[in-house]
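K.L.:
Provided herewith is a single structure, encoded as structure tokens, for subsequent inquiry.
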Amino acid sequence: MRIGVLTAGGDCPGLNAVIRSVVHRAVTNFGDEVIGFEDGYAGLLDGHYRTLDLNAVSGILARGGTVLGSSRLQRDRLREACDNAQDMAREFGIDVLIPIGGEGTLTAARMLSDAGLPVVGVPKTIDNDISATDRTFGFDTAVGVATEAMDRLKTTAESHQRVMVVEVMGRHAGWIALESGMAAGAHGICLPERPFDPSDLVAMVEERFARGKRFAVICVAEGAHPAEGTMDYGHGAIDKFGHERFQGIGTALAFELERRLGKEAKPVILGHVQRGGTPTAYDRVLATRFGWHAVEAAHRGDFGRMTALRGTEIEMVPLADATTELKTVPKDRMDEAESVF
Ligand code: F6P
């Protein structure tokens with residue numbers, strides 16, 4: 001069998017572990033040939049690829065990013081890919097394509113599959129917002145980075161009697177904010193799923209200072225927003241891929257709290273630090289299992305589906321299930337975290 005693999009969309013720790021796992025299982029167990037398309041679907045469309053043998057993936061398990069490169073796909077290029085799906089498979093001699101990516105990548109994968117290209121998807125995103133899988137790799141790493149950052153910010157905040165407003169990633173789903181906020185013991189957590197009232201945060205900080213605590217840390221997802229009429233704030237524009245641009249709630253909220261509290265409030269935007277660097281052991285294992293199961297599925301002819309973690313087992317689920325709705329933080333998970341506002 002000849003397998004094509006690509007990584008598309010925003011990168012995330014664990015992508016290389018999947019690539020390595022695909023190559024190991026395919027080459028060692030089945031005697032397959034694996035080719036890697038460069039820079040996401042762009043490599044597929046432009047015919048840029050290289051052979052991935054055991055040596056090509058040696059030493060990449062713990063490496064962040066993706067050795068294949070990644071890019072987002074513009075809609076007109078996706079249509080071009082769908083129109084030529086079967087021709088592309090013939091041209092590259094691939095029996096199956098394994099795209100590794102988030103919601104956009106998996107939507108494209110489903111469209112290519114519908115257009116006749118044999119596809120087995122692998123989900124990834126630090127946001128953990130793909131509904132068909134309990135977890136995506138990259139999330140554990142991102143939560144670890146954000147937690148460590150808040151642990152560190154607490155000590156400096158206390159020295160200076162400051163409020164730290166830490167903005168983490170998560171446009172529509174606040175999983176990173178929820179879990180890193182809980183793990184770090186943040187005094188306030190603001191999620192996209194629940195509009196917050198800055199007055200509640202002001203009251204929380206004042207109550208802490210009144211009982212002798214000298215700092216506060218507030219974890220805010222980039223897509224969080226104030227309830228209507230509580231604070232002057234609007235999220236940004238739309239980028240060229242049709243994604244809303246979320247930039248600035250951390251800074252806006254810090255200014256607002258400083259104004260209302262008369263205490264120093266500092267914004268800290270963690271940004272892409274959460275996506276960089278080496279994956280945690282958990283993410284390496286999940287990514288490796290996804291790669292292994294993707295190759296097995298390819299050999300069973302289980303196309304149009306993707307790997308998913310259900311409980312502790314890996315299952316194959318229809319690509320359509322992955323892209324129908326976003327997995328957002330449910331109310332009961334918010335209730336467990338006392339500091340969600
Ligand atoms: O979807 C993953 C993610 O890291 C989001 O959390 C974040 O909003 C977005 O990608 C950032 O995208 P970009 O790398 O294009 O800035």
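Quick note on naming: the chains in the structure tokens go A, B, ... in the order shown, residues restart at 1 in each chain, and ligands are numbered from 1 in order of appearance.
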So which residues are near ligand 1, meaning at most 9 Å away with only C-alpha atoms and all ligand atoms counted, given back as a PyMOL selection string?

P.N.:
chain A and resi 9-12+71-72+102-103+124-129+168-173+176+222-223+243-246+271-272+274-275

K.L.:
Applying 9 Å and only C-alpha atoms, which residues near Val23 in chain A remain after dropping the ones on its own chain fewer than 4 positions away? List them as a ChimeraX atom specification.

P.N.:
/A:18-19,27-28,32-34,52-54,57,291-292,295

K.L.:
For the residues in that selection, give me N, CA, C and O atoms as a PDB file, in the first residue's frame.

P.N.:
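The file below, result_26.pdb, is the result:
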ATOM      1  N   VAL A  18       2.512  11.380  15.568  1.00  0.00           N
ATOM      2  CA  VAL A  18       1.581  10.665  14.677  1.00  0.00           C
ATOM      3  C   VAL A  18       2.310  10.245  13.399  1.00  0.00           C
ATOM      4  O   VAL A  18       2.222   9.090  12.964  1.00  0.00           O
ATOM      5  N   ILE A  19       3.037  11.192  12.808  1.00  0.00           N
ATOM      6  CA  ILE A  19       3.748  10.891  11.555  1.00  0.00           C
ATOM      7  C   ILE A  19       4.682   9.695  11.766  1.00  0.00           C
ATOM      8  O   ILE A  19       4.718   8.747  10.976  1.00  0.00           O
ATOM      9  N   VAL A  27       5.418   0.812   7.565  1.00  0.00           N
ATOM     10  CA  VAL A  27       6.636   0.255   6.950  1.00  0.00           C
ATOM     11  C   VAL A  27       7.012  -1.081   7.600  1.00  0.00           C
ATOM     12  O   VAL A  27       7.250  -2.072   6.930  1.00  0.00           O
ATOM     13  N   THR A  28       7.041  -1.069   8.940  1.00  0.00           N
ATOM     14  CA  THR A  28       7.552  -2.251   9.645  1.00  0.00           C
ATOM     15  C   THR A  28       6.568  -3.413   9.594  1.00  0.00           C
ATOM     16  O   THR A  28       6.953  -4.553   9.371  1.00  0.00           O
ATOM     17  N   ASP A  32       4.607  -1.124   3.755  1.00  0.00           N
ATOM     18  CA  ASP A  32       4.043  -0.041   2.932  1.00  0.00           C
ATOM     19  C   ASP A  32       5.104   0.987   2.561  1.00  0.00           C
ATOM     20  O   ASP A  32       6.185   1.044   3.159  1.00  0.00           O
ATOM     21  N   GLU A  33       4.696   1.854   1.657  1.00  0.00           N
ATOM     22  CA  GLU A  33       5.508   3.023   1.331  1.00  0.00           C
ATOM     23  C   GLU A  33       4.722   4.234   1.829  1.00  0.00           C
ATOM     24  O   GLU A  33       3.493   4.292   1.625  1.00  0.00           O
ATOM     25  N   VAL A  34       5.395   5.182   2.468  1.00  0.00           N
ATOM     26  CA  VAL A  34       4.690   6.367   2.967  1.00  0.00           C
ATOM     27  C   VAL A  34       5.305   7.612   2.350  1.00  0.00           C
ATOM     28  O   VAL A  34       6.536   7.752   2.312  1.00  0.00           O
ATOM     29  N   LEU A  52       8.782   9.125   3.249  1.00  0.00           N
ATOM     30  CA  LEU A  52       9.061   9.027   4.680  1.00  0.00           C
ATOM     31  C   LEU A  52       9.396   7.573   5.000  1.00  0.00           C
ATOM     32  O   LEU A  52       8.508   6.715   5.002  1.00  0.00           O
ATOM     33  N   ASP A  53      10.688   7.311   5.257  1.00  0.00           N
ATOM     34  CA  ASP A  53      11.064   5.962   5.687  1.00  0.00           C
ATOM     35  C   ASP A  53      11.420   6.020   7.173  1.00  0.00           C
ATOM     36  O   ASP A  53      11.274   7.071   7.813  1.00  0.00           O
ATOM     37  N   LEU A  54      11.898   4.907   7.703  1.00  0.00           N
ATOM     38  CA  LEU A  54      12.179   4.875   9.148  1.00  0.00           C
ATOM     39  C   LEU A  54      13.207   5.933   9.551  1.00  0.00           C
ATOM     40  O   LEU A  54      13.080   6.566  10.593  1.00  0.00           O
ATOM     41  N   VAL A  57      11.891   9.567  10.026  1.00  0.00           N
ATOM     42  CA  VAL A  57      11.106   9.912  11.221  1.00  0.00           C
ATOM     43  C   VAL A  57      11.872   9.612  12.512  1.00  0.00           C
ATOM     44  O   VAL A  57      11.318   9.691  13.611  1.00  0.00           O
ATOM     45  N   GLY A 291      -1.905   7.254  15.292  1.00  0.00           N
ATOM     46  CA  GLY A 291      -1.175   6.886  14.074  1.00  0.00           C
ATOM     47  C   GLY A 291      -1.290   5.394  13.801  1.00  0.00           C
ATOM     48  O   GLY A 291      -1.552   4.965  12.673  1.00  0.00           O
ATOM     49  N   TRP A 292      -1.115   4.604  14.836  1.00  0.00           N
ATOM     50  CA  TRP A 292      -1.186   3.133  14.721  1.00  0.00           C
ATOM     51  C   TRP A 292      -2.564   2.722  14.199  1.00  0.00           C
ATOM     52  O   TRP A 292      -2.682   1.933  13.247  1.00  0.00           O
ATOM     53  N   VAL A 295      -3.350   3.557  10.437  1.00  0.00           N
ATOM     54  CA  VAL A 295      -2.779   2.611   9.468  1.00  0.00           C
ATOM     55  C   VAL A 295      -3.603   1.312   9.452  1.00  0.00           C
ATOM     56  O   VAL A 295      -3.908   0.765   8.385  1.00  0.00           O
TER      57      VAL A 295
END

K.L.:
DSSP on the backbone: what in range 56-214 of chain A comes out helix (DSSP H, G or I), as JSON, numbers by chain?

P.N.:
{"A": [56, 57, 75, 76, 77, 78, 79, 80, 81, 82, 83, 85, 86, 87, 88, 89, 90, 91, 92, 103, 104, 105, 106, 107, 108, 109, 110, 111, 112, 113, 114, 139, 140, 141, 142, 143, 144, 145, 146, 147, 148, 149, 150, 151, 152, 153, 154, 155, 156, 157, 158, 159, 160, 175, 176, 177, 178, 179, 180, 181, 182, 183, 184, 198, 199, 200, 201, 202, 203, 204, 205, 206, 207, 208, 209, 210]}

K.L.:
Please provide the set of residues having any atom within 12 Å of Lys331 in chain A, restricted to only C-alpha atoms, with same-chain residues fewer than 2 positions apart removed, written as a PDB file with C-alpha atoms, in the first residue's frame.

P.N.:
ATOM      1  CA  GLY A 174     -12.814  27.275  26.854  1.00  0.00           C
ATOM      2  CA  LEU A 178     -11.041  25.728  32.361  1.00  0.00           C
ATOM      3  CA  LEU A 191     -14.848  31.192  29.165  1.00  0.00           C
ATOM      4  CA  GLU A 193     -19.339  29.679  26.769  1.00  0.00           C
ATOM      5  CA  ARG A 194     -20.413  31.993  29.595  1.00  0.00           C
ATOM      6  CA  THR A 328     -17.798  23.277  24.128  1.00  0.00           C
ATOM      7  CA  VAL A 329     -17.536  23.253  27.928  1.00  0.00           C
ATOM      8  CA  ARG A 333     -17.965  21.137  34.044  1.00  0.00           C
ATOM      9  CA  MET A 334     -18.142  24.892  34.678  1.00  0.00           C
ATOM     10  CA  ASP A 335     -19.936  24.290  37.970  1.00  0.00           C
ATOM     11  CA  GLU A 336     -17.113  22.032  39.159  1.00  0.00           C
ATOM     12  CA  ALA A 337     -14.681  24.925  38.850  1.00  0.00           C
ATOM     13  CA  GLU A 338     -15.735  27.349  41.558  1.00  0.00           C
ATOM     14  CA  VAL A 340     -15.726  30.256  36.619  1.00  0.00           C
ATOM     15  CA  PHE A 341     -17.454  33.614  36.224  1.00  0.00           C
TER      16      PHE A 341
END

K.L.:
List the neighbours of Ala186 in chain A out to 12 Å using only C-alpha atoms; skip same-chain residues closer than 2 positions along the sequence, and give me the result as number ranges by chain.

P.N.:
A: 146-154, 163-167, 177-184, 188-190, 201, 204-205, 215-220, 337-341

K.L.:
Report, in Å with one decimal, the straight-line distance from CA of His187 in chain A to CA of Gly248 in chain A.

P.N.:
20.2 Å

K.L.:
For CA of Thr280 in chain A and CA of Val67 in chain A, determine how far apart the two atoms are, in Å to one decimal place.

P.N.:
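Computing the Euclidean distance for CA of Thr280 in chain A and CA of Val67 in chain A yields 17.7 Å.
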